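Visitor: What follows is data-v4.csv, made up of CSV, N, CA and C atoms:
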chain,number,residue,atom,x,y,z
A,282,MET,N,3.1,8.2,-8.4
A,282,MET,CA,2.0,8.9,-7.8
A,282,MET,C,2.0,8.5,-6.3
A,283,ALA,N,2.1,9.5,-5.5
A,283,ALA,CA,2.0,9.3,-4.0
A,283,ALA,C,0.5,9.4,-3.6
A,284,TYR,N,0.1,8.5,-2.7
A,284,TYR,CA,-1.2,8.5,-2.2
A,284,TYR,C,-1.3,9.1,-0.8
A,285,SER,N,-0.2,9.1,-0.1
A,285,SER,CA,-0.1,9.7,1.2
A,285,SER,C,1.3,10.0,1.5
A,286,ARG,N,1.5,11.0,2.4
A,286,ARG,CA,2.8,11.4,2.8
A,286,ARG,C,2.9,11.6,4.3
A,287,TRP,N,4.1,11.5,4.9
A,287,TRP,CA,4.2,11.6,6.3
A,287,TRP,C,3.8,12.9,6.9
A,288,THR,N,3.7,14.0,6.1
A,288,THR,CA,3.4,15.2,6.7
A,288,THR,C,1.9,15.3,7.2
A,289,ASN,N,1.1,14.4,6.7
A,289,ASN,CA,-0.3,14.3,7.2
A,289,ASN,C,-0.8,12.9,7.5
A,290,SER,N,0.1,11.9,7.6
A,290,SER,CA,-0.3,10.5,7.8
A,290,SER,C,0.8,9.7,8.4
A,291,VAL,N,0.5,8.6,9.0
A,291,VAL,CA,1.5,7.7,9.5
A,291,VAL,C,2.1,6.9,8.3
A,292,TRP,N,1.4,6.9,7.2
A,292,TRP,CA,1.7,6.2,6.0
A,292,TRP,C,2.4,7.1,4.9
A,293,TYR,N,3.4,6.5,4.2
A,293,TYR,CA,3.9,7.1,3.0
A,293,TYR,C,3.7,6.0,2.0
A,294,THR,N,2.8,6.3,1.0
A,294,THR,CA,2.4,5.2,0.0
A,294,THR,C,2.5,5.8,-1.4
A,295,PHE,N,2.9,5.0,-2.3
A,295,PHE,CA,2.9,5.4,-3.7
A,295,PHE,C,3.0,4.2,-4.6
A,296,GLY,N,2.6,4.4,-5.9
A,296,GLY,CA,2.7,3.4,-6.9
A,296,GLY,C,4.0,3.4,-7.6
A,297,THR,N,4.6,2.3,-7.9
A,297,THR,CA,5.9,2.2,-8.5
A,297,THR,C,5.9,0.8,-9.2
A,298,SER,N,7.1,0.3,-9.6
A,298,SER,CA,7.3,-1.0,-10.0
A,298,SER,C,8.2,-1.7,-9.0
A,299,ARG,N,8.2,-3.0,-9.1
A,299,ARG,CA,9.1,-3.8,-8.2
A,299,ARG,C,10.6,-3.5,-8.4
A,300,ASN,N,10.9,-3.3,-9.7
A,300,ASN,CA,12.4,-3.2,-10.0
A,300,ASN,C,12.8,-1.7,-10.4
A,301,GLY,N,11.9,-0.8,-10.3
A,301,GLY,CA,12.2,0.6,-10.6
A,301,GLY,C,12.0,1.0,-12.0
A,302,ASP,N,11.7,0.1,-12.9
A,302,ASP,CA,11.4,0.4,-14.3
A,302,ASP,C,10.0,1.0,-14.4
A,303,GLN,N,9.7,1.6,-15.6
A,303,GLN,CA,8.4,2.1,-15.8
A,303,GLN,C,7.4,0.9,-16.0
A,304,PRO,N,6.4,0.7,-15.2
A,304,PRO,CA,5.5,-0.4,-15.4
A,304,PRO,C,4.8,-0.4,-16.8
A,305,GLN,N,4.8,-1.6,-17.4
A,305,GLN,CA,4.2,-1.7,-18.7
A,305,GLN,C,2.8,-2.2,-18.7
A,306,LYS,N,2.4,-2.9,-17.7
A,306,LYS,CA,1.1,-3.5,-17.6
A,306,LYS,C,0.7,-3.5,-16.2
A,307,ARG,N,-0.6,-3.7,-15.9
A,307,ARG,CA,-1.2,-3.6,-14.6
A,307,ARG,C,-0.4,-4.5,-13.6
A,308,SER,N,-0.1,-5.7,-14.0
A,308,SER,CA,0.6,-6.6,-13.0
A,308,SER,C,2.0,-6.2,-12.7
A,309,ASP,N,2.6,-5.2,-13.4
A,309,ASP,CA,3.9,-4.7,-13.1
A,309,ASP,C,3.9,-3.6,-12.0
A,310,TRP,N,2.7,-3.1,-11.7
A,310,TRP,CA,2.6,-2.1,-10.7
A,310,TRP,C,2.6,-2.6,-9.3
A,311,TYR,N,3.2,-1.8,-8.4
A,311,TYR,CA,3.4,-2.2,-7.0
A,311,TYR,C,3.1,-1.0,-6.1
A,312,PHE,N,2.3,-1.3,-5.1
A,312,PHE,CA,1.8,-0.3,-4.1
A,312,PHE,C,2.8,-0.3,-2.9
A,313,LYS,N,3.7,0.6,-2.9
A,313,LYS,CA,4.8,0.7,-1.9
A,313,LYS,C,4.2,1.3,-0.6
A,314,ILE,N,4.6,0.7,0.6
A,314,ILE,CA,4.1,1.3,1.9
A,314,ILE,C,5.3,1.5,2.8
A,315,PHE,N,5.4,2.7,3.3
A,315,PHE,CA,6.4,3.0,4.4
A,315,PHE,C,5.6,3.4,5.6
A,316,CYS,N,6.0,2.9,6.7
A,316,CYS,CA,5.4,3.2,8.0
A,316,CYS,C,6.4,2.8,9.1
A,317,ASP,N,6.7,3.7,10.0
A,317,ASP,CA,7.6,3.3,11.1
A,317,ASP,C,7.3,2.1,11.9
A,318,SER,N,6.0,1.8,12.0
A,318,SER,CA,5.5,0.7,12.8
A,318,SER,C,5.5,-0.7,12.2
A,319,LEU,N,5.8,-0.7,10.9
A,319,LEU,CA,5.8,-2.0,10.2
A,319,LEU,C,7.2,-2.6,10.2
A,320,GLU,N,7.3,-3.9,10.3
A,320,GLU,CA,8.6,-4.6,10.4
A,320,GLU,C,9.1,-5.0,9.0
A,321,THR,N,8.3,-5.7,8.2
A,321,THR,CA,8.8,-6.3,7.0
A,321,THR,C,8.0,-6.0,5.7
A,322,ILE,N,6.7,-5.6,5.9
A,322,ILE,CA,5.8,-5.4,4.7
A,322,ILE,C,6.4,-4.2,4.0
A,323,GLY,N,6.6,-4.3,2.7
A,323,GLY,CA,7.1,-3.2,1.9
A,323,GLY,C,6.0,-2.7,0.9
A,324,GLY,N,5.0,-3.6,0.7
A,324,GLY,CA,3.9,-3.2,-0.2
A,324,GLY,C,3.3,-4.4,-0.8
A,325,PHE,N,2.5,-4.2,-1.8
A,325,PHE,CA,1.8,-5.3,-2.5
A,325,PHE,C,1.7,-5.0,-4.0
A,326,GLY,N,1.7,-6.1,-4.8
A,326,GLY,CA,1.5,-5.9,-6.2
A,326,GLY,C,0.1,-5.6,-6.5
A,327,TYR,N,-0.1,-5.0,-7.7
A,327,TYR,CA,-1.5,-4.7,-8.1
A,327,TYR,C,-2.4,-5.9,-8.0
A,328,ASP,N,-2.0,-7.1,-8.5
A,328,ASP,CA,-2.8,-8.3,-8.5
A,328,ASP,C,-3.1,-8.7,-7.1
A,329,GLU,N,-2.2,-8.6,-6.2
A,329,GLU,CA,-2.5,-9.0,-4.8
A,329,GLU,C,-3.6,-8.2,-4.2
A,330,LEU,N,-3.5,-6.9,-4.4
A,330,LEU,CA,-4.5,-6.0,-3.9
A,330,LEU,C,-5.8,-6.2,-4.6
A,331,LYS,N,-5.8,-6.3,-5.9
A,331,LYS,CA,-7.1,-6.4,-6.6
A,331,LYS,C,-7.8,-7.7,-6.2
A,332,ASN,N,-7.0,-8.8,-6.1
A,332,ASN,CA,-7.6,-10.1,-5.8
A,332,ASN,C,-8.1,-10.3,-4.4
A,333,ASP,N,-7.4,-9.7,-3.4
A,333,ASP,CA,-7.8,-9.9,-2.0
A,333,ASP,C,-7.2,-8.8,-1.1
A,334,ILE,N,-7.8,-7.6,-1.2
A,334,ILE,CA,-7.4,-6.4,-0.4
A,334,ILE,C,-7.5,-6.7,1.1
A,335,ASP,N,-8.5,-7.4,1.5
A,335,ASP,CA,-8.6,-7.7,2.9
A,335,ASP,C,-7.5,-8.6,3.5
A,336,LYS,N,-7.0,-9.5,2.7
A,336,LYS,CA,-5.8,-10.3,3.0
A,336,LYS,C,-4.6,-9.4,3.2
A,337,CYS,N,-4.4,-8.5,2.3
A,337,CYS,CA,-3.3,-7.5,2.4
A,337,CYS,C,-3.4,-6.7,3.6
A,338,ILE,N,-4.6,-6.2,3.9
A,338,ILE,CA,-4.8,-5.4,5.1
A,338,ILE,C,-4.5,-6.2,6.4
A,339,GLN,N,-4.9,-7.5,6.4
A,339,GLN,CA,-4.6,-8.3,7.5
A,339,GLN,C,-3.0,-8.5,7.6
A,340,ALA,N,-2.4,-8.7,6.5
A,340,ALA,CA,-0.9,-8.8,6.5
A,340,ALA,C,-0.2,-7.6,7.1
A,341,VAL,N,-0.8,-6.4,6.8
A,341,VAL,CA,-0.2,-5.2,7.4
A,341,VAL,C,-0.5,-5.2,8.9
A,342,LYS,N,-1.7,-5.5,9.3
A,342,LYS,CA,-2.0,-5.6,10.8
A,342,LYS,C,-1.0,-6.6,11.5
A,343,ASN,N,-0.8,-7.7,10.9
A,343,ASN,CA,0.1,-8.7,11.5
A,343,ASN,C,1.6,-8.3,11.5
A,344,ASP,N,1.9,-7.3,10.7
A,344,ASP,CA,3.3,-6.9,10.6
A,344,ASP,C,3.7,-5.7,11.5
A,345,VAL,N,2.7,-5.2,12.2
A,345,VAL,CA,2.9,-4.0,13.1
A,345,VAL,C,3.8,-4.5,14.3
A,346,ASN,N,4.9,-3.7,14.5
A,346,ASN,CA,5.8,-3.9,15.6
A,346,ASN,C,5.1,-3.4,16.9
A,347,PRO,N,4.8,-4.3,17.8
A,347,PRO,CA,4.2,-3.8,19.1
A,347,PRO,C,5.0,-2.9,20.0
A,348,ASP,N,6.3,-2.9,19.7
A,348,ASP,CA,7.2,-2.0,20.5
A,348,ASP,C,7.2,-0.6,20.0
A,349,ILE,N,6.7,-0.3,18.9
A,349,ILE,CA,6.6,1.1,18.3
A,349,ILE,C,5.3,1.7,18.8
A,350,LYS,N,5.5,2.8,19.5
A,350,LYS,CA,4.3,3.5,20.1
A,350,LYS,C,4.2,4.8,19.5
A,351,PRO,N,3.0,5.3,19.2
A,351,PRO,CA,1.7,4.6,19.4
A,351,PRO,C,1.5,3.6,18.4
A,352,LEU,N,0.7,2.6,18.7
A,352,LEU,CA,0.3,1.5,17.8
A,352,LEU,C,-0.6,2.1,16.6
A,353,ILE,N,-0.6,1.4,15.5
A,353,ILE,CA,-1.4,1.8,14.4
A,353,ILE,C,-2.9,1.6,14.9
A,354,THR,N,-3.7,2.6,14.6
A,354,THR,CA,-5.1,2.5,15.0
A,354,THR,C,-6.0,1.9,13.8
A,355,GLU,N,-7.2,1.5,14.2
A,355,GLU,CA,-8.1,1.0,13.1
A,355,GLU,C,-8.4,2.1,12.2
A,356,LYS,N,-8.5,3.4,12.6
A,356,LYS,CA,-8.7,4.5,11.8
A,356,LYS,C,-7.6,4.6,10.7
A,357,GLU,N,-6.4,4.4,11.2
A,357,GLU,CA,-5.2,4.5,10.3
A,357,GLU,C,-5.2,3.3,9.3
A,358,ILE,N,-5.7,2.2,9.7
A,358,ILE,CA,-5.8,1.0,8.8
A,358,ILE,C,-6.8,1.3,7.8
A,359,THR,N,-8.0,1.9,8.2
A,359,THR,CA,-9.0,2.3,7.2
A,359,THR,C,-8.5,3.3,6.2
A,360,GLU,N,-7.7,4.2,6.7
A,360,GLU,CA,-7.1,5.2,5.9
A,360,GLU,C,-6.2,4.6,4.8
A,361,LEU,N,-5.4,3.6,5.2
A,361,LEU,CA,-4.5,2.9,4.3
A,361,LEU,C,-5.3,2.2,3.3
A,362,LYS,N,-6.4,1.6,3.7
A,362,LYS,CA,-7.3,0.8,2.7
A,362,LYS,C,-7.8,1.8,1.6
A,363,THR,N,-8.1,3.0,2.0
A,363,THR,CA,-8.6,4.0,1.0
A,363,THR,C,-7.5,4.3,0.0
A,364,TYR,N,-6.3,4.3,0.4
A,364,TYR,CA,-5.1,4.6,-0.5
A,364,TYR,C,-5.0,3.4,-1.4
A,365,MET,N,-5.1,2.2,-0.9
A,365,MET,CA,-5.0,1.0,-1.7
A,365,MET,C,-6.1,0.9,-2.8
A,366,LEU,N,-7.4,1.3,-2.4
A,366,LEU,CA,-8.5,1.3,-3.3
A,366,LEU,C,-8.3,2.3,-4.4
A,367,GLU,N,-7.7,3.5,-4.0
A,367,GLU,CA,-7.5,4.5,-5.0
A,367,GLU,C,-6.4,4.0,-6.0
A,368,PHE,N,-5.4,3.4,-5.5
A,368,PHE,CA,-4.3,2.8,-6.4
A,368,PHE,C,-4.9,1.8,-7.4
A,369,ILE,N,-5.7,0.9,-6.9
A,369,ILE,CA,-6.4,-0.1,-7.7
A,369,ILE,C,-7.2,0.6,-8.8
A,370,PHE,N,-8.0,1.6,-8.4
A,370,PHE,CA,-8.9,2.3,-9.4
A,370,PHE,C,-8.0,3.0,-10.4
A,371,GLU,N,-7.0,3.7,-10.0
A,371,GLU,CA,-6.2,4.4,-11.0
A,371,GLU,C,-5.4,3.5,-12.0
A,372,ILE,N,-4.9,2.4,-11.5
A,372,ILE,CA,-4.2,1.5,-12.4
A,372,ILE,C,-5.2,0.8,-13.3
A,373,LYS,N,-6.3,0.4,-12.8
A,373,LYS,CA,-7.3,-0.2,-13.7
A,373,LYS,C,-7.8,0.8,-14.8
A,374,ARG,N,-7.9,2.1,-14.4
A,374,ARG,CA,-8.4,3.1,-15.3
A,374,ARG,C,-7.3,3.5,-16.3
A,375,ASP,N,-6.1,3.6,-15.9
A,375,ASP,CA,-5.0,4.1,-16.7
A,375,ASP,C,-4.2,3.1,-17.5
A,376,CYS,N,-4.3,1.8,-17.2
A,376,CYS,CA,-3.5,0.8,-17.9
A,376,CYS,C,-4.5,-0.1,-18.7
A,377,GLU,N,-4.2,-0.4,-19.9
A,377,GLU,CA,-5.0,-1.2,-20.8
A,377,GLU,C,-5.0,-2.6,-20.4
A,378,ASN,N,-3.9,-3.1,-19.9
A,378,ASN,CA,-3.8,-4.6,-19.7
A,378,ASN,C,-3.2,-4.9,-18.3
Before we go any further, please render this structure as structure tokens.
Guide:
Amino acid sequence: MAYSRWTNSVWYTFGTSRNGDQPQKRSDWYFKIFCDSLETIGGFGYDELKNDIDKCIQAVKNDVNPDIKPLITEKEITELKTYMLEFIFEIKRDCEN
């Protein structure tokens, strides 16, 4: 499930598993993030986001490459957080464990 695409966002985000298999439980799910301005962050596990979404957002902010222009804006960070929250909601709703 894609939450955002590059055609209308700086983010390309989707839910997957870490190893490409079909996730069997909530903790197997991974929120994948692509953005030209990020250096190393590839995403976060469901448990990471559920337990401390603000820490994950701060990690994204800390990973922005300052040489890539234009820089990520606070509005774009807020947009990313809405995708993270939607991911958490859907995994919690659709997965039993």
Visitor: Pick from A:Lys362, A:Arg299, A:Arg286, A:Arg374: nearest to Gly323 of chain A, with only C-alpha atoms counted?
Guide: A:Arg299
Visitor: Using only N, CA and C atoms, which of A:Glu320, A:Thr297, A:Glu357, A:Glu329 sits nearest Asn343 of chain A?
Guide: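 For Asn343 of chain A, the nearest of the given residues is A:Glu320.
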Visitor: What parts of segment 288-377 of chain A does DSSP call helix (DSSP H, G or I)? I'd like the answer as number ranges by chain.
Guide: A: 307-309, 327-332, 334-344, 355-375
Visitor: Output the selection as a tab-separated table (two decimals), keeping the file's coordinate frame - N, CA and C atoms for each residue.
Guide:
chain	number	residue	atom	x	y	z
A	307	ARG	N	-0.60	-3.70	-15.90
A	307	ARG	CA	-1.20	-3.60	-14.60
A	307	ARG	C	-0.40	-4.50	-13.60
A	308	SER	N	-0.10	-5.70	-14.00
A	308	SER	CA	0.60	-6.60	-13.00
A	308	SER	C	2.00	-6.20	-12.70
A	309	ASP	N	2.60	-5.20	-13.40
A	309	ASP	CA	3.90	-4.70	-13.10
A	309	ASP	C	3.90	-3.60	-12.00
A	327	TYR	N	-0.10	-5.00	-7.70
A	327	TYR	CA	-1.50	-4.70	-8.10
A	327	TYR	C	-2.40	-5.90	-8.00
A	328	ASP	N	-2.00	-7.10	-8.50
A	328	ASP	CA	-2.80	-8.30	-8.50
A	328	ASP	C	-3.10	-8.70	-7.10
A	329	GLU	N	-2.20	-8.60	-6.20
A	329	GLU	CA	-2.50	-9.00	-4.80
A	329	GLU	C	-3.60	-8.20	-4.20
A	330	LEU	N	-3.50	-6.90	-4.40
A	330	LEU	CA	-4.50	-6.00	-3.90
A	330	LEU	C	-5.80	-6.20	-4.60
A	331	LYS	N	-5.80	-6.30	-5.90
A	331	LYS	CA	-7.10	-6.40	-6.60
A	331	LYS	C	-7.80	-7.70	-6.20
A	332	ASN	N	-7.00	-8.80	-6.10
A	332	ASN	CA	-7.60	-10.10	-5.80
A	332	ASN	C	-8.10	-10.30	-4.40
A	334	ILE	N	-7.80	-7.60	-1.20
A	334	ILE	CA	-7.40	-6.40	-0.40
A	334	ILE	C	-7.50	-6.70	1.10
A	335	ASP	N	-8.50	-7.40	1.50
A	335	ASP	CA	-8.60	-7.70	2.90
A	335	ASP	C	-7.50	-8.60	3.50
A	336	LYS	N	-7.00	-9.50	2.70
A	336	LYS	CA	-5.80	-10.30	3.00
A	336	LYS	C	-4.60	-9.40	3.20
A	337	CYS	N	-4.40	-8.50	2.30
A	337	CYS	CA	-3.30	-7.50	2.40
A	337	CYS	C	-3.40	-6.70	3.60
A	338	ILE	N	-4.60	-6.20	3.90
A	338	ILE	CA	-4.80	-5.40	5.10
A	338	ILE	C	-4.50	-6.20	6.40
A	339	GLN	N	-4.90	-7.50	6.40
A	339	GLN	CA	-4.60	-8.30	7.50
A	339	GLN	C	-3.00	-8.50	7.60
A	340	ALA	N	-2.40	-8.70	6.50
A	340	ALA	CA	-0.90	-8.80	6.50
A	340	ALA	C	-0.20	-7.60	7.10
A	341	VAL	N	-0.80	-6.40	6.80
A	341	VAL	CA	-0.20	-5.20	7.40
A	341	VAL	C	-0.50	-5.20	8.90
A	342	LYS	N	-1.70	-5.50	9.30
A	342	LYS	CA	-2.00	-5.60	10.80
A	342	LYS	C	-1.00	-6.60	11.50
A	343	ASN	N	-0.80	-7.70	10.90
A	343	ASN	CA	0.10	-8.70	11.50
A	343	ASN	C	1.60	-8.30	11.50
A	344	ASP	N	1.90	-7.30	10.70
A	344	ASP	CA	3.30	-6.90	10.60
A	344	ASP	C	3.70	-5.70	11.50
A	355	GLU	N	-7.20	1.50	14.20
A	355	GLU	CA	-8.10	1.00	13.10
A	355	GLU	C	-8.40	2.10	12.20
A	356	LYS	N	-8.50	3.40	12.60
A	356	LYS	CA	-8.70	4.50	11.80
A	356	LYS	C	-7.60	4.60	10.70
A	357	GLU	N	-6.40	4.40	11.20
A	357	GLU	CA	-5.20	4.50	10.30
A	357	GLU	C	-5.20	3.30	9.30
A	358	ILE	N	-5.70	2.20	9.70
A	358	ILE	CA	-5.80	1.00	8.80
A	358	ILE	C	-6.80	1.30	7.80
A	359	THR	N	-8.00	1.90	8.20
A	359	THR	CA	-9.00	2.30	7.20
A	359	THR	C	-8.50	3.30	6.20
A	360	GLU	N	-7.70	4.20	6.70
A	360	GLU	CA	-7.10	5.20	5.90
A	360	GLU	C	-6.20	4.60	4.80
A	361	LEU	N	-5.40	3.60	5.20
A	361	LEU	CA	-4.50	2.90	4.30
A	361	LEU	C	-5.30	2.20	3.30
A	362	LYS	N	-6.40	1.60	3.70
A	362	LYS	CA	-7.30	0.80	2.70
A	362	LYS	C	-7.80	1.80	1.60
A	363	THR	N	-8.10	3.00	2.00
A	363	THR	CA	-8.60	4.00	1.00
A	363	THR	C	-7.50	4.30	0.00
A	364	TYR	N	-6.30	4.30	0.40
A	364	TYR	CA	-5.10	4.60	-0.50
A	364	TYR	C	-5.00	3.40	-1.40
A	365	MET	N	-5.10	2.20	-0.90
A	365	MET	CA	-5.00	1.00	-1.70
A	365	MET	C	-6.10	0.90	-2.80
A	366	LEU	N	-7.40	1.30	-2.40
A	366	LEU	CA	-8.50	1.30	-3.30
A	366	LEU	C	-8.30	2.30	-4.40
A	367	GLU	N	-7.70	3.50	-4.00
A	367	GLU	CA	-7.50	4.50	-5.00
A	367	GLU	C	-6.40	4.00	-6.00
A	368	PHE	N	-5.40	3.40	-5.50
A	368	PHE	CA	-4.30	2.80	-6.40
A	368	PHE	C	-4.90	1.80	-7.40
A	369	ILE	N	-5.70	0.90	-6.90
A	369	ILE	CA	-6.40	-0.10	-7.70
A	369	ILE	C	-7.20	0.60	-8.80
A	370	PHE	N	-8.00	1.60	-8.40
A	370	PHE	CA	-8.90	2.30	-9.40
A	370	PHE	C	-8.00	3.00	-10.40
A	371	GLU	N	-7.00	3.70	-10.00
A	371	GLU	CA	-6.20	4.40	-11.00
A	371	GLU	C	-5.40	3.50	-12.00
A	372	ILE	N	-4.90	2.40	-11.50
A	372	ILE	CA	-4.20	1.50	-12.40
A	372	ILE	C	-5.20	0.80	-13.30
A	373	LYS	N	-6.30	0.40	-12.80
A	373	LYS	CA	-7.30	-0.20	-13.70
A	373	LYS	C	-7.80	0.80	-14.80
A	374	ARG	N	-7.90	2.10	-14.40
A	374	ARG	CA	-8.40	3.10	-15.30
A	374	ARG	C	-7.30	3.50	-16.30
A	375	ASP	N	-6.10	3.60	-15.90
A	375	ASP	CA	-5.00	4.10	-16.70
A	375	ASP	C	-4.20	3.10	-17.50
Visitor: What does the distance between atom C of Lys331 of chain A and atom C of Pro351 of chain A come to in Å, to one decimal place?
Guide: 28.6 Å
Visitor: Just give me the gap between atom CA of Tyr364 of chain A and atom N of Ser285 of chain A in Å, one decimal is fine.
Guide: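 Going from atom CA of Tyr364 of chain A over to atom N of Ser285 of chain A, I get 6.7 Å.
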Visitor: To one decimal place, how far is atom CA of Glu377 of chain A from atom CA of Phe312 of chain A in Å?
Guide: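 Atom CA of Phe312 of chain A lies at a distance of 18.1 Å from atom CA of Glu377 of chain A.
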Visitor: List the residues sitting within 6.5 Å of (-4.1, -2.8, -2.7) in the file's frame, using only N, CA and C atoms, as a PDB file with N, CA and C atoms, in the coordinates of the input.
Guide:
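Dumped to part-v6.pdb:
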ATOM      1  N   PHE A 325       2.500  -4.200  -1.800  1.00  0.00           N
ATOM      2  CA  PHE A 325       1.800  -5.300  -2.500  1.00  0.00           C
ATOM      3  C   PHE A 325       1.700  -5.000  -4.000  1.00  0.00           C
ATOM      4  N   GLY A 326       1.700  -6.100  -4.800  1.00  0.00           N
ATOM      5  CA  GLY A 326       1.500  -5.900  -6.200  1.00  0.00           C
ATOM      6  C   GLY A 326       0.100  -5.600  -6.500  1.00  0.00           C
ATOM      7  N   TYR A 327      -0.100  -5.000  -7.700  1.00  0.00           N
ATOM      8  CA  TYR A 327      -1.500  -4.700  -8.100  1.00  0.00           C
ATOM      9  C   TYR A 327      -2.400  -5.900  -8.000  1.00  0.00           C
ATOM     10  N   GLU A 329      -2.200  -8.600  -6.200  1.00  0.00           N
ATOM     11  CA  GLU A 329      -2.500  -9.000  -4.800  1.00  0.00           C
ATOM     12  C   GLU A 329      -3.600  -8.200  -4.200  1.00  0.00           C
ATOM     13  N   LEU A 330      -3.500  -6.900  -4.400  1.00  0.00           N
ATOM     14  CA  LEU A 330      -4.500  -6.000  -3.900  1.00  0.00           C
ATOM     15  C   LEU A 330      -5.800  -6.200  -4.600  1.00  0.00           C
ATOM     16  N   LYS A 331      -5.800  -6.300  -5.900  1.00  0.00           N
ATOM     17  CA  LYS A 331      -7.100  -6.400  -6.600  1.00  0.00           C
ATOM     18  C   LYS A 331      -7.800  -7.700  -6.200  1.00  0.00           C
ATOM     19  N   ILE A 334      -7.800  -7.600  -1.200  1.00  0.00           N
ATOM     20  CA  ILE A 334      -7.400  -6.400  -0.400  1.00  0.00           C
ATOM     21  C   ILE A 334      -7.500  -6.700   1.100  1.00  0.00           C
ATOM     22  N   TYR A 364      -6.300   4.300   0.400  1.00  0.00           N
ATOM     23  CA  TYR A 364      -5.100   4.600  -0.500  1.00  0.00           C
ATOM     24  C   TYR A 364      -5.000   3.400  -1.400  1.00  0.00           C
ATOM     25  N   MET A 365      -5.100   2.200  -0.900  1.00  0.00           N
ATOM     26  CA  MET A 365      -5.000   1.000  -1.700  1.00  0.00           C
ATOM     27  C   MET A 365      -6.100   0.900  -2.800  1.00  0.00           C
ATOM     28  N   LEU A 366      -7.400   1.300  -2.400  1.00  0.00           N
ATOM     29  CA  LEU A 366      -8.500   1.300  -3.300  1.00  0.00           C
ATOM     30  C   LEU A 366      -8.300   2.300  -4.400  1.00  0.00           C
ATOM     31  N   ILE A 369      -5.700   0.900  -6.900  1.00  0.00           N
ATOM     32  CA  ILE A 369      -6.400  -0.100  -7.700  1.00  0.00           C
ATOM     33  C   ILE A 369      -7.200   0.600  -8.800  1.00  0.00           C
TER      34      ILE A 369
END
